[in-house]
$ cat query-v1.txt   # compact mmCIF, C-alpha atoms
# COMPACT_ATOMS: atom_id res chain seq x y z
CA MET A 226 1.87 6.11 30.58
CA VAL A 227 -0.53 4.26 32.80
CA GLU A 228 0.30 0.62 33.10
CA GLY A 229 -2.15 -2.24 33.29
CA ASP A 230 -5.61 -0.95 32.37
CA LEU A 231 -4.60 0.25 28.90
CA GLY A 232 -2.67 -2.86 27.94
CA VAL A 233 0.66 -1.04 28.32
CA SER A 234 3.64 -2.37 30.19
CA SER A 235 7.31 -1.51 30.44
CA ILE A 236 9.93 -4.22 30.51
CA VAL A 237 13.71 -4.35 30.59
CA ALA A 238 15.38 -7.21 28.74
CA GLY A 239 19.10 -7.53 28.16
CA GLY A 240 19.65 -4.01 29.46
CA ASP A 241 17.33 -2.45 26.85
CA ALA A 242 14.14 -0.79 28.00
CA CYS A 243 11.05 -1.65 26.02
CA VAL A 244 7.38 -0.72 26.09
CA VAL A 245 4.81 -3.34 25.18
CA LEU A 246 1.37 -2.30 23.93
CA ASP A 247 -1.48 -4.79 23.73
CA VAL A 248 -3.87 -3.59 21.04
CA ASP A 249 -7.49 -4.77 20.92
CA GLU A 250 -8.40 -5.68 17.33
CA ALA A 251 -12.05 -4.92 18.08
CA ILE A 252 -10.96 -1.26 18.17
CA TYR A 253 -7.84 -1.06 15.96
CA CYS A 254 -7.43 -3.10 12.79
CA ARG A 255 -4.21 -4.86 11.78
CA GLU A 256 -3.72 -2.43 8.88
CA ALA A 257 -3.75 0.60 11.22
CA VAL A 258 -1.30 -1.05 13.62
CA LEU A 259 1.13 -1.95 10.83
CA ARG A 260 0.90 1.50 9.22
CA THR A 261 1.60 3.13 12.57
CA ALA A 262 4.53 0.81 13.23
CA TYR A 263 5.96 1.63 9.80
CA TRP A 264 5.82 5.38 10.50
CA PHE A 265 7.78 4.89 13.74
CA THR A 266 10.61 2.83 12.24
CA ASP A 267 12.83 5.92 12.02
CA LYS A 268 12.56 6.53 15.79
CA CYS A 269 12.50 3.04 17.26
CA TYR A 270 12.64 -0.68 16.72
CA LEU A 271 9.23 -2.30 16.60
CA PHE A 272 7.97 -5.84 16.62
CA VAL A 273 4.32 -6.76 16.08
CA ALA A 274 2.85 -10.15 16.97
CA ARG A 275 -0.54 -11.72 17.59
CA PRO A 276 -0.33 -13.40 21.02
CA ARG A 277 -3.97 -14.54 20.82
CA ALA A 278 -7.00 -14.07 18.59
CA GLY A 279 -8.36 -10.52 18.71
CA SER A 280 -5.20 -8.94 20.07
CA LEU A 281 -1.98 -7.55 18.64
CA ARG A 282 1.12 -6.89 20.72
CA VAL A 283 3.59 -4.16 19.79
CA TRP A 284 7.07 -4.03 21.31
CA ILE A 285 8.71 -0.59 21.08
CA ARG A 286 12.42 -0.10 21.78
CA GLN A 287 14.30 3.13 21.06
CA LYS A 288 17.13 3.28 18.53
CA SER A 289 18.97 6.03 20.38
CA ASP A 290 18.71 8.17 23.46
CA GLY A 291 16.10 10.61 22.22
CA SER A 292 12.67 11.16 23.69
CA ALA A 293 11.63 9.26 26.77
CA LEU A 294 10.29 5.82 25.86
CA ASP A 295 6.93 6.61 27.50
CA ASP A 296 6.65 9.71 25.27
CA VAL A 297 7.34 7.59 22.18
CA ALA A 298 4.70 5.06 23.29
CA GLY A 299 2.20 7.89 23.82
CA ALA A 300 2.93 9.30 20.38
CA PHE A 301 2.53 5.79 18.94
CA ALA A 302 -0.89 5.46 20.61
CA ASN A 303 -1.99 8.83 19.18
CA ALA A 304 -0.73 7.90 15.70
CA LEU A 305 -2.54 4.57 15.96
CA LEU A 306 -5.82 6.37 16.55
CA ASP A 307 -5.08 8.62 13.57
CA HIS A 308 -4.36 5.67 11.28
CA GLN A 309 -7.46 3.79 12.44
CA LEU A 310 -9.65 6.78 11.62
CA ARG A 311 -7.97 7.09 8.20
CA VAL A 312 -8.79 3.44 7.49
CA GLU A 313 -12.43 3.93 8.52
CA ILE A 314 -12.83 7.16 6.54
CA GLY A 315 -11.25 5.45 3.52
CA GLN A 316 -13.78 2.64 3.75
CA GLN A 317 -16.66 5.10 3.99
CA SER A 318 -15.53 7.43 1.21
CA GLY A 319 -13.63 5.03 -1.07
CA ALA A 320 -16.40 4.78 -3.67
CA VAL A 321 -16.65 8.57 -3.95
CA ARG A 322 -12.86 8.90 -4.24
CA ASP A 323 -12.76 6.24 -6.96
CA LEU A 324 -15.54 8.00 -8.87
CA ILE A 325 -13.72 11.36 -8.70
CA VAL A 326 -10.46 9.80 -9.93
CA ALA A 327 -12.27 7.92 -12.73
CA LYS A 328 -14.03 11.11 -13.82
CA ALA A 329 -10.76 13.03 -13.87
CA PHE A 330 -9.05 10.39 -16.00
CA THR A 331 -12.05 10.12 -18.31
CA GLU A 332 -12.18 13.86 -18.93
CA GLY A 333 -8.42 13.91 -19.50
CA GLY A 334 -8.69 11.20 -22.15
CA VAL A 335 -6.21 9.01 -20.27
CA LEU A 336 -8.40 5.89 -20.02
CA ASP A 337 -8.86 3.52 -22.96
CA ASP A 338 -12.25 2.39 -21.65
CA ALA A 339 -14.84 4.51 -19.90
CA PRO A 340 -15.37 3.67 -16.21
CA VAL A 341 -18.34 1.54 -15.25
CA GLY A 342 -21.42 3.49 -14.21
CA ASP A 343 -22.45 7.10 -14.69
CA VAL A 344 -19.55 9.48 -14.03
CA ARG A 345 -21.55 12.62 -14.70
CA ASP A 346 -22.02 15.09 -11.86
CA PRO A 347 -25.18 13.99 -9.97
CA VAL A 348 -26.25 17.63 -9.53
CA GLU A 349 -25.97 18.30 -13.25
CA ARG A 350 -27.80 15.03 -14.02
CA GLY A 351 -30.66 16.19 -11.77
CA ARG A 352 -30.87 19.54 -13.55
CA ALA A 353 -30.98 17.88 -16.98
CA SER A 354 -33.94 15.66 -15.99

$ encode --input "query-v1.txt" --output "structure tokens"
Amino acid sequence: MVEGDLGVSSIVAGGDACVVLDVDEAIYCREAVLRTAYWFTDKCYLFVARPRAGSLRVWIRQKSDGSALDDVAGAFANALLDHQLRVEIGQQSGAVRDLIVAKAFTEGGVLDDAPVGDVRDPVERGRAS
């Protein structure tokens, strides 16, 4: 891990090594940071705080002597990117996903009320016109 420029630093407190990541909220949203932290709770102890507006700080400390702490921090950074992209894709495609789910439940007769809007296939609607 490169220290400094990327907002990453290593500290030792009370004999326990720890990596601290400063995360810019202009790039990564709080939801992505928390989801990533949750997925790493089996490997390490994590603490997330907001030291100032627009920034989140993540402390990572290993639970046991497994992978090198820098490797865990690198994997965390990669997973953070993955979760951020999932959040963004979800925002962009959420309406389509909701429509597909509503159509599936409507056709299955599971819903009491029909979903709002036209759930017919837009291609088939165009052919019928």

$ atom_distance --input "query-v1.txt" --atom1 "CA of Arg311 (chain A)" --atom2 "CA of Cys243 (chain A)"
27.5 Å

$ residues_around --input "query-v1.txt" --residues "Ser280 (chain A)" --least-positions-apart "6" --cutoff "10 Å" --atoms "only C-alpha atoms" --output "list in words"
Asp247, Val248, Asp249, Glu250, Ala251, Ile252, Tyr253, Cys254, Arg255 and Ala274 of chain A

$ closest_residue --input "query-v1.txt" --among "A:Arg352, A:Val273, A:Ala300, A:Gln287" --to "Glu256 (chain A)" --atoms "only C-alpha atoms"
A:Val273

$ atom_distance --input "query-v1.txt" --atom1 "CA of Ala353 (chain A)" --atom2 "CA of Leu324 (chain A)"
20.0 Å

$ closest_residue --input "query-v1.txt" --among "A:Val297, A:Val326, A:Leu305, A:Val245" --to "Asp267 (chain A)" --atoms "all atoms listed in the file"
A:Val297

$ atom_distance --input "query-v1.txt" --atom1 "CA of Lys268 (chain A)" --atom2 "CA of Asp295 (chain A)"
13.0 Å

$ closest_residue --input "query-v1.txt" --among "A:Leu246, A:His308, A:Gly279, A:Gly299" --to "Tyr263 (chain A)" --atoms "only C-alpha atoms"
A:His308

$ residues_around --input "query-v1.txt" --residues "Phe272 (chain A)" --least-positions-apart "4" --cutoff "10 Å" --atoms "all atoms listed in the file" --output "number ranges by chain"
A: 245, 259, 262, 282-286

$ closest_residue --input "query-v1.txt" --among "A:Glu313, A:Val321, A:Ala302, A:Val258" --to "Leu281 (chain A)" --atoms "all atoms listed in the file"
A:Val258

$ build_atoms --input "query-v1.txt" --residues "region 290-301 of chain A" --atoms "all heavy atoms" --output "PDB file, in the coordinates of the input"
ATOM      1  N   ASP A 290      19.196   7.431  22.295  1.00  0.00           N
ATOM      2  CA  ASP A 290      18.710   8.170  23.460  1.00  0.00           C
ATOM      3  C   ASP A 290      18.088   9.482  23.011  1.00  0.00           C
ATOM      4  O   ASP A 290      18.730  10.519  22.984  1.00  0.00           O
ATOM      5  CB  ASP A 290      19.855   8.448  24.440  1.00  0.00           C
ATOM      6  CG  ASP A 290      20.422   7.162  25.023  1.00  0.00           C
ATOM      7  OD1 ASP A 290      19.655   6.194  25.101  1.00  0.00           O
ATOM      8  OD2 ASP A 290      21.605   7.141  25.385  1.00  0.00           O
ATOM      9  N   GLY A 291      16.832   9.419  22.647  1.00  0.00           N
ATOM     10  CA  GLY A 291      16.100  10.610  22.220  1.00  0.00           C
ATOM     11  C   GLY A 291      15.031  10.910  23.245  1.00  0.00           C
ATOM     12  O   GLY A 291      15.313  11.086  24.431  1.00  0.00           O
ATOM     13  N   SER A 292      13.804  10.925  22.803  1.00  0.00           N
ATOM     14  CA  SER A 292      12.670  11.160  23.690  1.00  0.00           C
ATOM     15  C   SER A 292      12.538  10.010  24.682  1.00  0.00           C
ATOM     16  O   SER A 292      12.981   8.894  24.424  1.00  0.00           O
ATOM     17  CB  SER A 292      11.386  11.257  22.873  1.00  0.00           C
ATOM     18  OG  SER A 292      11.467  12.287  21.928  1.00  0.00           O
ATOM     19  N   ALA A 293      11.903  10.299  25.794  1.00  0.00           N
ATOM     20  CA  ALA A 293      11.630   9.260  26.770  1.00  0.00           C
ATOM     21  C   ALA A 293      10.758   8.188  26.123  1.00  0.00           C
ATOM     22  O   ALA A 293       9.881   8.488  25.302  1.00  0.00           O
ATOM     23  CB  ALA A 293      10.929   9.856  27.984  1.00  0.00           C
ATOM     24  N   LEU A 294      11.000   6.945  26.474  1.00  0.00           N
ATOM     25  CA  LEU A 294      10.290   5.820  25.860  1.00  0.00           C
ATOM     26  C   LEU A 294       8.781   5.932  26.087  1.00  0.00           C
ATOM     27  O   LEU A 294       7.995   5.611  25.189  1.00  0.00           O
ATOM     28  CB  LEU A 294      10.827   4.500  26.416  1.00  0.00           C
ATOM     29  CG  LEU A 294      10.434   3.238  25.680  1.00  0.00           C
ATOM     30  CD1 LEU A 294      10.766   3.324  24.193  1.00  0.00           C
ATOM     31  CD2 LEU A 294      11.121   2.039  26.292  1.00  0.00           C
ATOM     32  N   ASP A 295       8.368   6.424  27.251  1.00  0.00           N
ATOM     33  CA  ASP A 295       6.930   6.610  27.500  1.00  0.00           C
ATOM     34  C   ASP A 295       6.340   7.647  26.548  1.00  0.00           C
ATOM     35  O   ASP A 295       5.197   7.521  26.121  1.00  0.00           O
ATOM     36  CB  ASP A 295       6.682   7.038  28.945  1.00  0.00           C
ATOM     37  CG  ASP A 295       6.795   5.878  29.915  1.00  0.00           C
ATOM     38  OD1 ASP A 295       6.819   4.717  29.453  1.00  0.00           O
ATOM     39  OD2 ASP A 295       6.871   6.127  31.130  1.00  0.00           O
ATOM     40  N   ASP A 296       7.115   8.698  26.218  1.00  0.00           N
ATOM     41  CA  ASP A 296       6.650   9.710  25.270  1.00  0.00           C
ATOM     42  C   ASP A 296       6.485   9.100  23.872  1.00  0.00           C
ATOM     43  O   ASP A 296       5.532   9.403  23.157  1.00  0.00           O
ATOM     44  CB  ASP A 296       7.606  10.893  25.206  1.00  0.00           C
ATOM     45  CG  ASP A 296       7.599  11.711  26.485  1.00  0.00           C
ATOM     46  OD1 ASP A 296       6.630  11.606  27.269  1.00  0.00           O
ATOM     47  OD2 ASP A 296       8.581  12.449  26.712  1.00  0.00           O
ATOM     48  N   VAL A 297       7.421   8.256  23.486  1.00  0.00           N
ATOM     49  CA  VAL A 297       7.340   7.590  22.180  1.00  0.00           C
ATOM     50  C   VAL A 297       6.111   6.686  22.141  1.00  0.00           C
ATOM     51  O   VAL A 297       5.371   6.663  21.156  1.00  0.00           O
ATOM     52  CB  VAL A 297       8.630   6.792  21.882  1.00  0.00           C
ATOM     53  CG1 VAL A 297       8.483   5.973  20.611  1.00  0.00           C
ATOM     54  CG2 VAL A 297       9.823   7.731  21.778  1.00  0.00           C
ATOM     55  N   ALA A 298       5.871   5.943  23.228  1.00  0.00           N
ATOM     56  CA  ALA A 298       4.700   5.060  23.290  1.00  0.00           C
ATOM     57  C   ALA A 298       3.408   5.874  23.229  1.00  0.00           C
ATOM     58  O   ALA A 298       2.440   5.471  22.569  1.00  0.00           O
ATOM     59  CB  ALA A 298       4.742   4.228  24.561  1.00  0.00           C
ATOM     60  N   GLY A 299       3.378   7.022  23.886  1.00  0.00           N
ATOM     61  CA  GLY A 299       2.200   7.890  23.820  1.00  0.00           C
ATOM     62  C   GLY A 299       1.960   8.423  22.421  1.00  0.00           C
ATOM     63  O   GLY A 299       0.830   8.455  21.935  1.00  0.00           O
ATOM     64  N   ALA A 300       3.047   8.827  21.761  1.00  0.00           N
ATOM     65  CA  ALA A 300       2.930   9.300  20.380  1.00  0.00           C
ATOM     66  C   ALA A 300       2.474   8.168  19.466  1.00  0.00           C
ATOM     67  O   ALA A 300       1.684   8.383  18.541  1.00  0.00           O
ATOM     68  CB  ALA A 300       4.265   9.876  19.911  1.00  0.00           C
ATOM     69  N   PHE A 301       2.954   6.951  19.727  1.00  0.00           N
ATOM     70  CA  PHE A 301       2.530   5.790  18.940  1.00  0.00           C
ATOM     71  C   PHE A 301       1.027   5.571  19.110  1.00  0.00           C
ATOM     72  O   PHE A 301       0.314   5.338  18.131  1.00  0.00           O
ATOM     73  CB  PHE A 301       3.304   4.540  19.374  1.00  0.00           C
ATOM     74  CG  PHE A 301       2.980   3.324  18.549  1.00  0.00           C
ATOM     75  CD1 PHE A 301       3.730   3.020  17.422  1.00  0.00           C
ATOM     76  CD2 PHE A 301       1.936   2.486  18.888  1.00  0.00           C
ATOM     77  CE1 PHE A 301       3.441   1.910  16.649  1.00  0.00           C
ATOM     78  CE2 PHE A 301       1.634   1.378  18.134  1.00  0.00           C
ATOM     79  CZ  PHE A 301       2.390   1.082  17.005  1.00  0.00           C
TER      80      PHE A 301
END
